[in-house]
$ cat my_file.tsv   # TSV, C-alpha atoms
chain	number	residue	atom	x	y	z
A	1	MET	CA	8.83	21.48	4.93
A	2	LEU	CA	10.10	18.62	2.81
A	3	LYS	CA	7.41	16.41	1.34
A	4	PRO	CA	7.40	12.73	2.40
A	5	ARG	CA	9.05	10.56	-0.27
A	6	ILE	CA	6.80	7.88	-1.83
A	7	LEU	CA	7.70	4.89	-4.02
A	8	LEU	CA	4.88	3.45	-6.14
A	9	ALA	CA	4.71	-0.16	-7.39
A	10	ASP	CA	2.03	-1.06	-9.94
A	11	ASP	CA	2.36	-2.80	-13.30
A	12	HIS	CA	-0.65	-1.01	-14.78
A	13	ARG	CA	0.79	2.19	-16.23
A	14	MET	CA	-2.54	4.04	-16.43
A	15	VAL	CA	-3.27	3.29	-12.78
A	16	ALA	CA	0.23	4.37	-11.78
A	17	GLU	CA	-0.07	7.67	-13.62
A	18	GLY	CA	-3.43	8.32	-11.98
A	19	VAL	CA	-1.94	7.67	-8.54
A	20	ARG	CA	0.99	9.95	-9.43
A	21	GLY	CA	-1.42	12.82	-10.07
A	22	LEU	CA	-3.17	12.15	-6.78
A	23	LEU	CA	0.00	12.02	-4.68
A	24	GLU	CA	2.21	14.74	-6.13
A	25	PRO	CA	0.47	17.76	-4.56
A	26	GLU	CA	1.33	16.43	-1.08
A	27	TYR	CA	4.19	13.98	-1.62
A	28	GLN	CA	7.42	13.59	-3.55
A	29	LEU	CA	7.10	10.59	-5.85
A	30	VAL	CA	10.63	9.19	-6.06
A	31	GLY	CA	9.89	6.38	-8.49
A	32	ILE	CA	7.43	4.01	-10.16
A	33	VAL	CA	8.26	0.30	-10.58
A	34	GLU	CA	6.27	-2.41	-12.33
A	35	ASP	CA	7.22	-5.69	-10.65
A	36	GLY	CA	8.08	-7.10	-7.24
A	37	ARG	CA	11.77	-7.58	-7.94
A	38	ALA	CA	12.15	-3.98	-9.09
A	39	LEU	CA	10.34	-2.88	-5.93
A	40	LEU	CA	12.91	-4.60	-3.70
A	41	GLU	CA	15.78	-2.96	-5.57
A	42	ALA	CA	14.16	0.49	-5.57
A	43	VAL	CA	13.47	0.41	-1.83
A	44	ASP	CA	17.10	-0.41	-1.09
A	45	ARG	CA	18.35	2.27	-3.47
A	46	LEU	CA	15.89	5.12	-2.88
A	47	ARG	CA	14.97	4.60	0.79
A	48	PRO	CA	11.50	6.19	0.52
A	49	ASP	CA	9.43	7.21	3.54
A	50	ALA	CA	6.54	5.04	2.33
A	51	VAL	CA	5.64	2.52	-0.36
A	52	VAL	CA	2.31	2.25	-2.18
A	53	ALA	CA	2.13	-1.21	-3.80
A	54	ASP	CA	-0.24	-3.46	-5.68
A	55	ILE	CA	-0.58	-7.14	-4.73
A	56	SER	CA	-0.70	-8.77	-8.18
A	57	MET	CA	2.61	-7.95	-9.84
A	58	PRO	CA	4.98	-9.88	-12.17
A	59	LEU	CA	8.07	-11.76	-10.93
A	60	LEU	CA	7.18	-11.43	-7.24
A	61	ASN	CA	3.75	-10.72	-5.80
A	62	GLY	CA	3.38	-7.61	-3.66
A	63	ILE	CA	2.80	-9.45	-0.40
A	64	GLU	CA	5.98	-11.51	-0.70
A	65	ALA	CA	7.88	-8.38	-1.76
A	66	VAL	CA	6.66	-6.55	1.34
A	67	ARG	CA	7.60	-9.50	3.53
A	68	GLN	CA	11.17	-9.22	2.24
A	69	ILE	CA	11.24	-5.42	2.52
A	70	LYS	CA	10.21	-5.55	6.17
A	71	LYS	CA	13.06	-7.93	6.97
A	72	ARG	CA	15.55	-5.31	5.75
A	73	HIS	CA	13.65	-2.11	6.59
A	74	LYS	CA	11.54	-2.81	9.65
A	75	SER	CA	10.17	0.73	9.97
A	76	MET	CA	9.18	1.09	6.30
A	77	VAL	CA	5.60	2.35	5.87
A	78	ILE	CA	3.70	0.29	3.29
A	79	VAL	CA	0.14	0.62	2.02
A	80	PHE	CA	-1.41	-1.79	-0.43
A	81	LEU	CA	-3.54	-0.27	-3.17
A	82	THR	CA	-5.29	-3.22	-4.77
A	83	MET	CA	-8.37	-4.52	-6.54
A	84	HIS	CA	-8.61	-7.53	-4.21
A	85	MET	CA	-11.65	-7.23	-1.93
A	86	ASP	CA	-11.11	-10.70	-0.45
A	87	VAL	CA	-10.39	-10.53	3.27
A	88	GLN	CA	-7.76	-13.28	2.92
A	89	TYR	CA	-5.60	-10.91	0.89
A	90	ALA	CA	-6.00	-8.17	3.48
A	91	ALA	CA	-5.09	-10.54	6.31
A	92	SER	CA	-1.99	-11.72	4.46
A	93	ALA	CA	-1.01	-8.13	3.70
A	94	PHE	CA	-0.96	-7.16	7.36
A	95	GLU	CA	0.78	-10.38	8.34
A	96	ALA	CA	3.52	-9.53	5.82
A	97	GLY	CA	4.06	-6.16	7.48
A	98	ALA	CA	1.82	-3.66	5.68
A	99	SER	CA	0.24	-0.90	7.71
A	100	GLY	CA	-2.52	-0.03	5.26
A	101	TYR	CA	-4.94	-1.66	2.81
A	102	VAL	CA	-6.95	0.40	0.31
A	103	LEU	CA	-9.11	-0.76	-2.60
A	104	LYS	CA	-8.54	0.74	-6.05
A	105	HIS	CA	-12.21	1.44	-6.59
A	106	SER	CA	-12.49	3.39	-3.32
A	107	ALA	CA	-12.58	7.17	-3.33
A	108	SER	CA	-9.16	8.62	-4.16
A	109	SER	CA	-9.16	10.49	-0.87
A	110	GLU	CA	-8.98	7.14	0.96
A	111	LEU	CA	-5.40	6.53	-0.20
A	112	LEU	CA	-4.37	9.96	1.08
A	113	THR	CA	-6.08	9.24	4.39
A	114	ALA	CA	-4.26	5.93	4.66
A	115	LEU	CA	-0.88	7.54	4.02
A	116	HIS	CA	-1.57	10.30	6.54
A	117	CYS	CA	-2.42	7.70	9.18
A	118	GLU	CA	0.51	5.42	8.44
A	119	LEU	CA	3.13	8.18	8.40
A	120	LYS	CA	1.93	9.03	11.90
A	121	GLY	CA	2.48	5.44	13.01
A	122	LYS	CA	-1.12	4.26	12.72
A	123	THR	CA	-2.73	1.43	10.77
A	124	TYR	CA	-5.40	1.89	8.10
A	125	ILE	CA	-7.81	-0.68	6.67
A	126	THR	CA	-10.52	0.25	4.18
A	127	PRO	CA	-13.88	0.44	6.00
A	128	MET	CA	-15.29	-1.98	3.40
A	129	LEU	CA	-13.22	-4.80	4.95
A	130	ALA	CA	-12.54	-3.70	8.52
A	131	GLY	CA	-15.32	-5.64	10.24
A	132	GLU	CA	-14.84	-8.72	8.07
A	133	LEU	CA	-11.09	-8.71	8.74
A	134	LEU	CA	-11.62	-8.61	12.49
A	135	GLN	CA	-13.97	-11.60	12.32
A	136	TYR	CA	-11.61	-13.43	10.00
A	137	GLN	CA	-8.67	-12.99	12.36
A	138	ARG	CA	-10.74	-14.60	15.09
A	139	ASP	CA	-11.73	-17.57	12.95
A	140	LYS	CA	-8.77	-18.03	10.59
A	141	PRO	CA	-7.54	-21.61	10.00
A	142	SER	CA	-4.04	-22.65	10.99
A	143	VAL	CA	-1.88	-24.47	8.42
A	144	PRO	CA	1.69	-25.62	9.18
A	145	GLN	CA	4.49	-24.06	7.10
A	146	GLU	CA	5.69	-27.49	5.91
A	147	ALA	CA	2.35	-28.11	4.16
A	148	PHE	CA	3.65	-26.15	1.14
A	149	THR	CA	6.56	-28.53	0.64
A	150	GLN	CA	4.15	-31.48	0.35
A	151	LEU	CA	2.57	-30.11	-2.84
A	152	THR	CA	3.62	-31.38	-6.26
A	153	THR	CA	5.48	-29.11	-8.70
A	154	ARG	CA	2.35	-28.62	-10.79
A	155	GLN	CA	0.27	-27.83	-7.72
A	156	ARG	CA	2.81	-25.18	-6.72
A	157	GLU	CA	2.56	-23.63	-10.17
A	158	VAL	CA	-1.23	-23.49	-9.93
A	159	LEU	CA	-0.97	-22.11	-6.40
A	160	GLN	CA	1.36	-19.34	-7.59
A	161	LEU	CA	-1.07	-18.25	-10.29
A	162	ILE	CA	-3.88	-18.21	-7.73
A	163	ALA	CA	-1.71	-15.93	-5.58
A	164	GLU	CA	-1.20	-13.62	-8.57
A	165	GLY	CA	-4.95	-13.32	-9.05
A	166	PHE	CA	-5.25	-15.25	-12.33
A	167	SER	CA	-8.52	-16.98	-13.20
A	168	VAL	CA	-8.75	-20.72	-13.86
A	169	LYS	CA	-8.90	-20.06	-17.61
A	170	GLU	CA	-5.88	-17.73	-17.53
A	171	SER	CA	-3.91	-20.17	-15.38
A	172	ALA	CA	-4.64	-22.99	-17.83
A	173	ALA	CA	-3.40	-20.90	-20.76
A	174	ILE	CA	-0.17	-19.94	-18.96
A	175	LEU	CA	0.59	-23.52	-17.93
A	176	GLY	CA	-0.50	-25.06	-21.23
A	177	ILE	CA	-3.05	-27.37	-19.62
A	178	SER	CA	-6.84	-27.63	-19.63
A	179	THR	CA	-9.11	-25.66	-17.30
A	180	ARG	CA	-10.40	-29.00	-15.99
A	181	THR	CA	-6.84	-29.94	-14.95
A	182	VAL	CA	-6.38	-26.61	-13.15
A	183	GLU	CA	-9.66	-27.16	-11.31
A	184	PHE	CA	-8.54	-30.68	-10.40
A	185	HIS	CA	-5.29	-29.42	-8.88
A	186	LYS	CA	-7.08	-26.58	-7.12
A	187	TYR	CA	-9.61	-28.79	-5.38
A	188	THR	CA	-7.04	-31.50	-4.68
A	189	MET	CA	-5.05	-28.88	-2.76
A	190	ILE	CA	-8.13	-27.72	-0.87
A	191	GLU	CA	-8.77	-31.31	0.23
A	192	SER	CA	-5.17	-32.25	1.03
A	193	LEU	CA	-4.52	-29.05	3.00
A	194	GLY	CA	-7.73	-29.43	4.98
A	195	PHE	CA	-9.41	-26.25	3.75
A	196	LYS	CA	-13.15	-25.76	3.47
A	197	SER	CA	-13.25	-23.29	0.57
A	198	SER	CA	-11.38	-21.67	-2.29
A	199	ALA	CA	-11.09	-18.53	-0.18
A	200	GLU	CA	-8.89	-20.34	2.35
A	201	LEU	CA	-6.70	-21.66	-0.48
A	202	ILE	CA	-6.30	-18.12	-1.83
A	203	ARG	CA	-4.99	-16.91	1.51
A	204	PHE	CA	-2.56	-19.82	1.73
A	205	ALA	CA	-1.42	-19.12	-1.84
A	206	VAL	CA	-0.65	-15.47	-1.12
A	207	GLN	CA	1.31	-16.43	1.99
A	208	HIS	CA	3.42	-19.18	0.45
A	209	ALA	CA	3.56	-19.03	-3.36
A	210	LYS	CA	6.19	-17.06	-5.26
A	211	GLY	CA	7.77	-16.93	-8.65
A	212	VAL	CA	5.60	-16.75	-11.80
A	213	SER	CA	5.86	-13.87	-14.22
A	214	ARG	CA	2.81	-12.55	-16.07
A	215	SER	CA	4.56	-13.08	-19.38
A	216	GLY	CA	3.76	-16.76	-18.97
A	217	VAL	CA	7.33	-17.82	-18.18
A	218	ARG	CA	7.23	-20.20	-15.25
A	219	LEU	CA	9.81	-19.64	-12.58
A	220	SER	CA	10.76	-21.95	-9.74
A	221	CYS	CA	8.72	-21.87	-6.54
A	222	SER	CA	10.58	-21.85	-3.25
A	223	VAL	CA	9.79	-21.50	0.42
A	224	ASP	CA	13.07	-19.63	0.88
A	225	PRO	CA	12.48	-16.00	-0.23
A	226	SER	CA	16.20	-15.46	-0.70
A	227	SER	CA	16.60	-18.27	-3.23
A	228	SER	CA	17.26	-17.40	-6.88
A	229	ARG	CA	14.70	-17.96	-9.62
A	230	SER	CA	15.38	-18.86	-13.20
$ encode --input "my_file.tsv" --output "structure tokens"
Amino acid sequence: MLKPRILLADDHRMVAEGVRGLLEPEYQLVGIVEDGRALLEAVDRLRPDAVVADISMPLLNGIEAVRQIKKRHKSMVIVFLTMHMDVQYAASAFEAGASGYVLKHSASSELLTALHCELKGKTYITPMLAGELLQYQRDKPSVPQEAFTQLTTRQREVLQLIAEGFSVKESAAILGISTRTVEFHKYTMIESLGFKSSAELIRFAVQHAKGVSRSGVRLSCSVDPSSSRS
């Protein structure tokens, strides 16, 4: 029997090589990419049976990349392999179209279990978040799409970096501003969007922010995922 074809997206080379060793006995690894833009291109070109992707990646975060993949390849099987234990990330991942969510520090066998389930048409969520995700879905806040367009340019830049998983200190260094200014923009957004915590802002960021590379080059933010970035 032919092995299922897997595409891996992770910008940490050591992690990617470790996942390669885990997958290759059971799967055919057709490629490894290191950013969200490359992931979109590779999916169109290679047409894998499944994608294993990180969330925090340069150029385009994994969740937005998956959202775009699912528009073009509705039946594509996608599992996130990530360090993010926050339930907001998991909720956004499934809303984008993923069918699995596994934590990087989980047992390696969990990724294989997730892939087995998903290739059979089932959904997999790491047991560490399953109960919390169910409760979150019941209680999640509702924010209108147009709320993003009301943010200032600087707020959108801060929001993007939050979506990419950068700390306040790292965000300040990338943007060339003080940590106090980043905190000011962060909490101004929490207040103006009607959130009660940073966790709710993180979820909103992952859903709506796009466009900053890890090299520190700021790219334009846009609600339209098909728009170009420079």
$ closest_residue --input "my_file.tsv" --among "A:Ala53, A:Leu23, A:Val66, A:Leu134" --to "Val102 in chain A" --atoms "all atoms listed in the file"
A:Ala53
$ atom_distance --input "my_file.tsv" --atom1 "CA of Glu41 in chain A" --atom2 "CA of Ala65 in chain A"
10.3 Å
$ closest_residue --input "my_file.tsv" --among "A:Ser99, A:Met76, A:Ser92, A:Ser56" --to "Ile162 in chain A" --atoms "only C-alpha atoms"
A:Ser56
$ closest_residue --input "my_file.tsv" --among "A:Leu40, A:Arg72, A:Val15, A:Leu201" --to "Ala163 in chain A" --atoms "all atoms listed in the file"
A:Leu201
$ closest_residue --input "my_file.tsv" --among "A:Leu112, A:Met85, A:Val43, A:Ile63" --to "Ala98 in chain A" --atoms "only C-alpha atoms"
A:Ile63
$ residues_near_point --input "my_file.tsv" --point "(11.8, 8.1, -6.7)" --cutoff "10 Å" --atoms "only C-alpha atoms" --output "compact mmCIF listing (two decimals) with C-alpha atoms, keeping the file's coordinate frame"
# COMPACT_ATOMS: atom_id res chain seq x y z
CA ARG A 5 9.05 10.56 -0.27
CA ILE A 6 6.80 7.88 -1.83
CA LEU A 7 7.70 4.89 -4.02
CA LEU A 8 4.88 3.45 -6.14
CA GLN A 28 7.42 13.59 -3.55
CA LEU A 29 7.10 10.59 -5.85
CA VAL A 30 10.63 9.19 -6.06
CA GLY A 31 9.89 6.38 -8.49
CA ILE A 32 7.43 4.01 -10.16
CA VAL A 33 8.26 0.30 -10.58
CA ALA A 42 14.16 0.49 -5.57
CA VAL A 43 13.47 0.41 -1.83
CA ARG A 45 18.35 2.27 -3.47
CA LEU A 46 15.89 5.12 -2.88
CA ARG A 47 14.97 4.60 0.79
CA PRO A 48 11.50 6.19 0.52
$ closest_atom_pairs --input "my_file.tsv" --of "range 31-66 of chain A" --to "range 146-161 of chain A" --cutoff "12 Å" --atoms "only C-alpha atoms" --output "JSON lines"
{"residue": "A:Ser56", "atom": "CA", "partner": "A:Leu161", "partner_atom": "CA", "distance": 9.7}
{"residue": "A:Met57", "atom": "CA", "partner": "A:Leu161", "partner_atom": "CA", "distance": 10.9}
{"residue": "A:Pro58", "atom": "CA", "partner": "A:Leu161", "partner_atom": "CA", "distance": 10.5}
{"residue": "A:Leu59", "atom": "CA", "partner": "A:Gln160", "partner_atom": "CA", "distance": 10.7}
{"residue": "A:Leu60", "atom": "CA", "partner": "A:Gln160", "partner_atom": "CA", "distance": 9.8}
{"residue": "A:Asn61", "atom": "CA", "partner": "A:Gln160", "partner_atom": "CA", "distance": 9.1}
{"residue": "A:Glu64", "atom": "CA", "partner": "A:Gln160", "partner_atom": "CA", "distance": 11.4}
$ residues_around --input "my_file.tsv" --residues "Asp86 in chain A" --least-positions-apart "4" --cutoff "12 Å" --atoms "all atoms listed in the file" --output "PyMOL selection string"
chain A and resi 55+82+90-93+101-103+126+128-130+132-133+136+163+165+198-203+206
$ atom_distance --input "my_file.tsv" --atom1 "CA of His105 in chain A" --atom2 "CA of His84 in chain A"
10.0 Å
$ closest_residue --input "my_file.tsv" --among "A:Asp10, A:Glu183, A:Glu118, A:Asp35" --to "Asp54 in chain A" --atoms "all atoms listed in the file"
A:Asp10
$ atom_distance --input "my_file.tsv" --atom1 "CA of Tyr27 in chain A" --atom2 "CA of Leu2 in chain A"
8.7 Å
$ closest_residue --input "my_file.tsv" --among "A:Ser109, A:Ala114, A:Val168, A:Val87" --to "Gly131 in chain A" --atoms "all atoms listed in the file"
A:Val87
$ axis_aligned_box --input "my_file.tsv" --around "range 56-71 of chain A" --padding-each-side "3 Å" --output "AutoDock Vina command-line options"
--center_x 6.2 --center_y -8.6 --center_z -2.6 --size_x 19.8 --size_y 12.3 --size_z 25.1
$ residues_near_point --input "my_file.tsv" --point "(4.9, 7.8, 3.4)" --cutoff "7 Å" --atoms "only C-alpha atoms" --output "VMD selection string"
chain A and resid 4 to 6 49 to 51 77 115 119
$ residues_around --input "my_file.tsv" --residues "Arg67 in chain A" --least-positions-apart "6" --cutoff "10 Å" --atoms "all atoms listed in the file" --output "ChimeraX atom specification"
/A:74,92-98,207,225
$ build_atoms --input "my_file.tsv" --residues "range 3-25 of chain A" --atoms "N, CA, C and O atoms" --output "short mmCIF file (atom, residue, chain, number, x, y, z; two decimals), in the frame of the given file"
data_model
loop_
_atom_site.label_atom_id
_atom_site.label_comp_id
_atom_site.auth_asym_id
_atom_site.auth_seq_id
_atom_site.Cartn_x
_atom_site.Cartn_y
_atom_site.Cartn_z
N LYS A 3 8.50 17.34 1.53
CA LYS A 3 7.41 16.41 1.34
C LYS A 3 7.88 14.98 1.62
O LYS A 3 9.00 14.62 1.27
N PRO A 4 7.05 14.15 2.23
CA PRO A 4 7.40 12.73 2.40
C PRO A 4 7.65 12.09 1.04
O PRO A 4 6.96 12.37 0.06
N ARG A 5 8.63 11.19 0.97
CA ARG A 5 9.05 10.56 -0.27
C ARG A 5 8.33 9.22 -0.43
O ARG A 5 8.41 8.35 0.42
N ILE A 6 7.63 9.06 -1.58
CA ILE A 6 6.80 7.88 -1.83
C ILE A 6 7.33 7.11 -3.03
O ILE A 6 7.65 7.70 -4.07
N LEU A 7 7.38 5.79 -2.90
CA LEU A 7 7.70 4.89 -4.02
C LEU A 7 6.43 4.13 -4.38
O LEU A 7 5.76 3.58 -3.51
N LEU A 8 6.11 4.09 -5.67
CA LEU A 8 4.88 3.45 -6.14
C LEU A 8 5.22 2.19 -6.94
O LEU A 8 6.11 2.22 -7.80
N ALA A 9 4.51 1.10 -6.66
CA ALA A 9 4.71 -0.16 -7.39
C ALA A 9 3.38 -0.64 -7.95
O ALA A 9 2.49 -1.04 -7.19
N ASP A 10 3.25 -0.60 -9.27
CA ASP A 10 2.03 -1.06 -9.94
C ASP A 10 2.37 -1.31 -11.40
O ASP A 10 2.96 -0.45 -12.05
N ASP A 11 2.00 -2.48 -11.92
CA ASP A 11 2.36 -2.80 -13.30
C ASP A 11 1.34 -2.30 -14.31
O ASP A 11 1.51 -2.51 -15.51
N HIS A 12 0.31 -1.62 -13.87
CA HIS A 12 -0.65 -1.01 -14.78
C HIS A 12 -0.30 0.47 -14.92
O HIS A 12 -0.54 1.26 -14.00
N ARG A 13 0.26 0.84 -16.05
CA ARG A 13 0.79 2.19 -16.23
C ARG A 13 -0.28 3.26 -16.05
O ARG A 13 -0.03 4.31 -15.44
N MET A 14 -1.50 3.04 -16.55
CA MET A 14 -2.54 4.04 -16.43
C MET A 14 -2.92 4.26 -14.97
O MET A 14 -3.14 5.39 -14.54
N VAL A 15 -2.98 3.17 -14.20
CA VAL A 15 -3.27 3.29 -12.78
C VAL A 15 -2.15 4.06 -12.08
O VAL A 15 -2.40 4.97 -11.27
N ALA A 16 -0.91 3.72 -12.41
CA ALA A 16 0.23 4.37 -11.78
C ALA A 16 0.25 5.87 -12.06
O ALA A 16 0.52 6.68 -11.16
N GLU A 17 -0.07 6.25 -13.29
CA GLU A 17 -0.07 7.67 -13.62
C GLU A 17 -1.20 8.40 -12.90
O GLU A 17 -1.05 9.55 -12.50
N GLY A 18 -2.33 7.72 -12.73
CA GLY A 18 -3.43 8.32 -11.98
C GLY A 18 -3.06 8.54 -10.52
O GLY A 18 -3.37 9.58 -9.93
N VAL A 19 -2.38 7.55 -9.92
CA VAL A 19 -1.94 7.67 -8.54
C VAL A 19 -0.87 8.77 -8.42
O VAL A 19 -0.84 9.52 -7.44
N ARG A 20 -0.01 8.88 -9.43
CA ARG A 20 0.99 9.95 -9.43
C ARG A 20 0.32 11.32 -9.30
O ARG A 20 0.71 12.15 -8.49
N GLY A 21 -0.71 11.54 -10.11
CA GLY A 21 -1.42 12.82 -10.07
C GLY A 21 -2.07 13.08 -8.73
O GLY A 21 -2.16 14.23 -8.29
N LEU A 22 -2.54 12.01 -8.09
CA LEU A 22 -3.17 12.15 -6.78
C LEU A 22 -2.15 12.50 -5.69
O LEU A 22 -2.41 13.32 -4.82
N LEU A 23 -0.98 11.88 -5.75
CA LEU A 23 0.00 12.02 -4.68
C LEU A 23 0.85 13.28 -4.77
O LEU A 23 1.23 13.85 -3.74
N GLU A 24 1.19 13.71 -5.98
CA GLU A 24 2.21 14.74 -6.13
C GLU A 24 1.92 16.09 -5.46
O GLU A 24 2.86 16.77 -5.05
N PRO A 25 0.66 16.49 -5.28
CA PRO A 25 0.47 17.76 -4.56
C PRO A 25 0.96 17.71 -3.12
O PRO A 25 1.37 18.75 -2.58
#
